[in-house]
Structure formats: structure tokens, C-alpha cells
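> I have a structure here, written as C-alpha cells, and I will follow up with some questions on it.
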Amino acid sequence: NGLKKYFPITGGIFGGKKGEVKAVDDVSFFVNKGETLGIVGESGCGKSTTGRLLMRLLEASDGKIRFEDKEITRMSKTELRKTRRDIQMVFQDPYASLNPRHSIEKILEEPLIVHRIGSKDDRKKRVQEMLEIVGLSSDHARRYPHQFSGGQRQRIGIAKALMTKPKLIIADEPVSALDVSIQAQVLNLMKDIQKEFRLTYIFIAHDLGVVRHISDRVGVMYLGRLIELANSEVLYDDPKHPYTKALLSAVQIPDPDYKSEAIQISGELPSPSNPPSGCAFHTRCSVCMDICKTTKPEYRSLDGHYVACHLYNR
Ligand code: SF4
Ligand code: MG
């Protein structure tokens with residue numbers, strides 16, 4: 001796959017309890033059990049690819065991904081199939097992942113059939129139960145995807161992801177295609193479900209505003225690299241990387257005390273397949289220095305606040 005060429009995973013661990021993923025150019029991140037890690041960046045930054053690599057829907061060209069005590073990247077097909085019960089995805093466009101010719105019941109029971117879970121009766125029961133949990137009615141089971149609105153379809157997408165009782169859900173821009181008013185409803189639903197089922201989320205978005213309230217920690221990606229990662233409050237109150245600052249200044253923050261430096265991102269997003277030398281952001285950075293053009297900044301921790309920028313390399 002071509003994506004792998006510019007988005008190598010170069011080693012890392014992912015854990016249910018405590019582990020880490022070293023994704024993208026020796027950068028590492030971990031997700032703690034029960035928390036939400038937001039991953040934000042413009043399209044083409046590699047965030048969806050990261051999600052797919054974690055699921056091994058794409059094979060990493062290099063590196064390790066660990067889930068609980070097992071290394072996903074070294075699993076056999078059988079082991080991988082078992083692990084996929086525990087890790088499910090919610091997609092941006094639920095319509096594309098719902099077979100239009102299948103009833104909601106058939107769509108929802110499919111993951112159970114794939115993983116050989118329960119009897120026909122058990123499956124039916126669980127379908128009803130899940131529909132109610134996501135705020136739909138159990139008699140929606142006999143309807144078809146086109147009979148639902150975008151928001152309802154995303155609820156069905158969420159129900160489908162929950163069918164196998166996963167531990168981790170990777171949500172790839174789950175609300176990006178929805179109206180703003182519906183976005184909040186779906187985000188609240190996801191929050192409630194997280195509490196109820198003690199789920200861990202990796203929540204991918206292109207906008208820092210969307211992940212603010214759902215994420216415990218947020219990582220920002222740029223051209224296949226993680227460039228900053230911190231606890232949510234810290235990241236939004238005290239962003240360090242010029243790219244994060246620019247992204248934040250574009251988000252409406254309803255806080256009169258919020259001091260936005262309103263850094264503008266100038267220029268086009270370079271091609272992800274041929275990122276600029278040194279700091280990949282240097283072609284658009286308003287505080288670019290000479291060293292930025294030639295030397296890749298190290299991704300380092302400033303008391304648990306990770307940032308890759310020469311401004312902080314000293
Ligand atoms: Fe800007 Fe240099 Fe920092 Fe890159 S390393 S974000 S170019 S200051
Ligand atoms: Mg994407």
C-alpha cells in the first residue's frame with residue numbers, strides 16, 4: 001500500500017491498560033484503559049491511516065503495535081480475528097459501511113456471526129438491546145439503512161461497533177459528516193456509552209473543537225508525524241507547537257480570557273508523499289528558523305507534554 005511509504009510505523013506498543021504506540025517516525029503514544037485519545041490533523045496527515053494500522057486493516061511497513069499484552073503486528077490470522085472482537089471501528093460515513101440491501105437486524109448481527117458469538121435468539125436479543133442503547137427503537141431492526149437520517153445511521157454504526165462488546169473503539173471522524181446540532185448528540189451518546197461499557201476510544205478528527213470535550217488527551221498530527229500530544233486542558237490552554245497554535249486560533253473558543261495569538265498558516269499543505277526536509281511544517285511556519293529547514297526536530301517530553309519543535313529543543 002502506497003500510504004505505508006510516507007507513513008511508516010517505526011515501533012511502538014499499544015495497550016489496554018498501559019502500553020504505548022510508537023507511531024510515525026519514532027514517535028510513541030499510548031492509550032490508557034477507559035480514556036479517550038483524540039488525534040487531530042488536516043486531511044492527508046495520516047490520522048486515518050493510523051487507525052487502520054492499529055486494526056491491521058493496513059499492514060505497517062515497520063514497527064510494533066501492542067494491545068494489552070499482545071503484539072498486534074505479529075499475530076496470526078486466528079489471533080487477529082479474536083482481537084478484532086475487542087477493537088472495533090466507527091467510520092465517518094456510516095452509510096458506506098451499512099449494506100443498503102440488508103435490514104438493520106442483519107447488519108447488526110453480522111459481527112456476531114463473523115465471530116461466532118451466541119445463538120440466533122441471543123443475536124436477535126442483542127440487536128434489540130443495542131438499538132435501544134444507541135437511542136433507536138427495537139422495531140427499527142426490520143428497516144433498511146436508507147430509511148434513516150445521517151445521525152440515526154451513525155447511531156446504527158455505533159451499535160454495530162458495540163455488538164461484539166469491544167474494549168477499544170477507533171472512531172474515524174464519526175461526526176464530521178453530520179450537522180452541528182446532530183454532532184453534539186452523537187458525541188454525548190458516545191460519552192454515555194463509554195461510561196456504561198468502560199470503553200477506550202481513539203477519536204480521530206480534523207478539528208480541535210470536536211475532540212475537546214470528549215478527549216482526555218489530544219495528539220496533533222502533521223504530514224504523517226505526531227507533532228504534539230498533551231492532556232486536553234494543557235493542550236488547549238498552553239499549546240506549544242506553532243501548528244497546534246494555528247489550528248486552535250481557527251477554532252472558536254467561547255472564553256473571553258482565551259489568549260489566541262492568531263497565528264495564520266500560510267501556504268498550501270505540502271504533499272504527504274514528499275514532505276519538506278527538516279521540520280515538515282517549516283514551509284508554513286511563521287516562526288521558522290534556519291535549523292528547521294535542515295534538521296528534523298526531536299519529539300520530546302516537557303513534563304509529559306510532548307512536542308516536536310526546535311523552539312523547545314534546548
Ligand atoms: Fe516552526 Fe521550526 Fe518549530 Fe517547525 S521546528 S514548527 S519550523 S519553529
Ligand atoms: Mg480520513
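Chains: A, B, ... in order of the C-alpha cells. Residues: from 1 per chain. Ligands: from 1, in order shown.
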Env of stretch 264-268 of chain A: 12 Å cut, atoms = only C-alpha atoms, seq-sep filter 6 positions within chain, self excluded. Answer as a PyMOL selection string.

chain A and resi 42+242-250+281-288

> Counting only C-alpha atoms and all ligand atoms, which protein, DNA or RNA residues come within 7 Å of ligand 2, given as JSON, numbers by chain?

{"A": [43, 47, 48, 172]}

> Determine, counting only C-alpha atoms, which protein, DNA and RNA residues have an atom within 9 Å of an atom of stretch 140-156 of chain A; residues of the same chain fewer than 2 positions away are not included. Present the result as a VMD selection string.

chain A and resid 90 to 95 98 to 108 127 to 128 130 to 131 134 to 138 158 to 161 174 to 175 177 to 179 182 to 183 185 to 186 189

> Between A:Glu298, A:Asp303, A:Asp121, A:Asp216, which residue has the minimum interatomic distance to ligand 1, considering only C-alpha atoms and all ligand atoms?

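That would be A:Glu298, the residue with the smallest distance to ligand 1.
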
> Set the distance at 8 Å and use only C-alpha atoms: which residues neighbour A:Lys296 once local chain neighbours fewer than 6 positions away are removed? I'd like the list as a list of chain:residue names.

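Contacts, with the query itself left out: A:Ser277, A:Gly278, A:Cys279, A:Ala280.
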
> Restricted to N, CA and C atoms, what would the selected residues look like written as a compact mmCIF listing (two decimals), in the first residue's frame?


# COMPACT_ATOMS: atom_id res chain seq x y z
N SER A 277 11.90 18.81 4.02
CA SER A 277 13.03 18.37 4.85
C SER A 277 12.94 19.02 6.22
N GLY A 278 13.74 18.55 7.13
CA GLY A 278 13.78 19.13 8.48
C GLY A 278 12.45 19.02 9.16
N CYS A 279 11.95 20.12 9.71
CA CYS A 279 10.60 20.12 10.28
C CYS A 279 9.62 20.18 9.12
N ALA A 280 8.71 19.20 9.04
CA ALA A 280 7.79 19.14 7.91
C ALA A 280 6.88 20.36 7.83

> Write out as a PDB file with C-alpha atoms, in the first residue's frame all residues of stretch 70-193 of chain A that DSSP puts in strand (DSSP E) for this structure's backbone.


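In the end it all went to part.pdb:
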ATOM      1  CA  LYS A  70      -0.261  -8.933  22.768  1.00  0.00           C
ATOM      2  CA  GLU A  71       1.583  -7.599  19.770  1.00  0.00           C
ATOM      3  CA  ILE A  87     -11.231  -3.475  18.761  1.00  0.00           C
ATOM      4  CA  GLN A  88     -13.953  -2.038  16.574  1.00  0.00           C
ATOM      5  CA  MET A  89     -14.167   0.950  14.256  1.00  0.00           C
ATOM      6  CA  VAL A  90     -16.768   3.631  13.714  1.00  0.00           C
ATOM      7  CA  LEU A 168     -11.451  -0.246  22.256  1.00  0.00           C
ATOM      8  CA  ILE A 169     -13.269   1.758  19.612  1.00  0.00           C
ATOM      9  CA  ILE A 170     -11.372   3.631  16.952  1.00  0.00           C
ATOM     10  CA  ALA A 171     -13.713   6.344  15.707  1.00  0.00           C
ATOM     11  CA  ASP A 172     -12.535   7.898  12.440  1.00  0.00           C
TER      12      ASP A 172
END

> Counting only C-alpha atoms, which of A:Val211, A:Val40, A:Cys292, A:Met190 gets nearest to A:Pro276?

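So, comparing all the options, the nearest one is A:Cys292.
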
> Hey, which of A:Arg81, A:Lys293, A:Arg300, A:Arg225 ends up closest to ligand 1? Count only C-alpha atoms and all ligand atoms.

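Ranked by minimum distance to ligand 1, first place goes to A:Lys293.
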
> Any chance you could list, as a ChimeraX atom specification, the residues in stretch 272-311 of chain A that come up helix (DSSP H, G or I) when DSSP is run on the backbone?

/A:290-294,310-311

> If we count only C-alpha atoms and set the cut-off at 8 Å, which residues sit around A:Ile291, ignoring sequence neighbours fewer than 3 positions away in its own chain? Please answer as a list in words.

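Non-adjacent residues within range: Gly278, Thr294, Thr295 and His310 of chain A.
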
> Would you mind reading off the distance between atom 7 (S, counted along the ligand's line) of ligand 1 and atom CA of A:Phe29, one decimal, in Å?

22.4 Å

> Have a look at atom CA of A:Val234 and atom CA of A:Arg217 and let me know their distance in Å, one decimal.

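A separation of 8.8 Å between them.
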
> In Å, with one decimal, what is the gap from atom CA of A:Leu187 to atom CA of A:Leu269?

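Distance between the two atoms: 28.8 Å.
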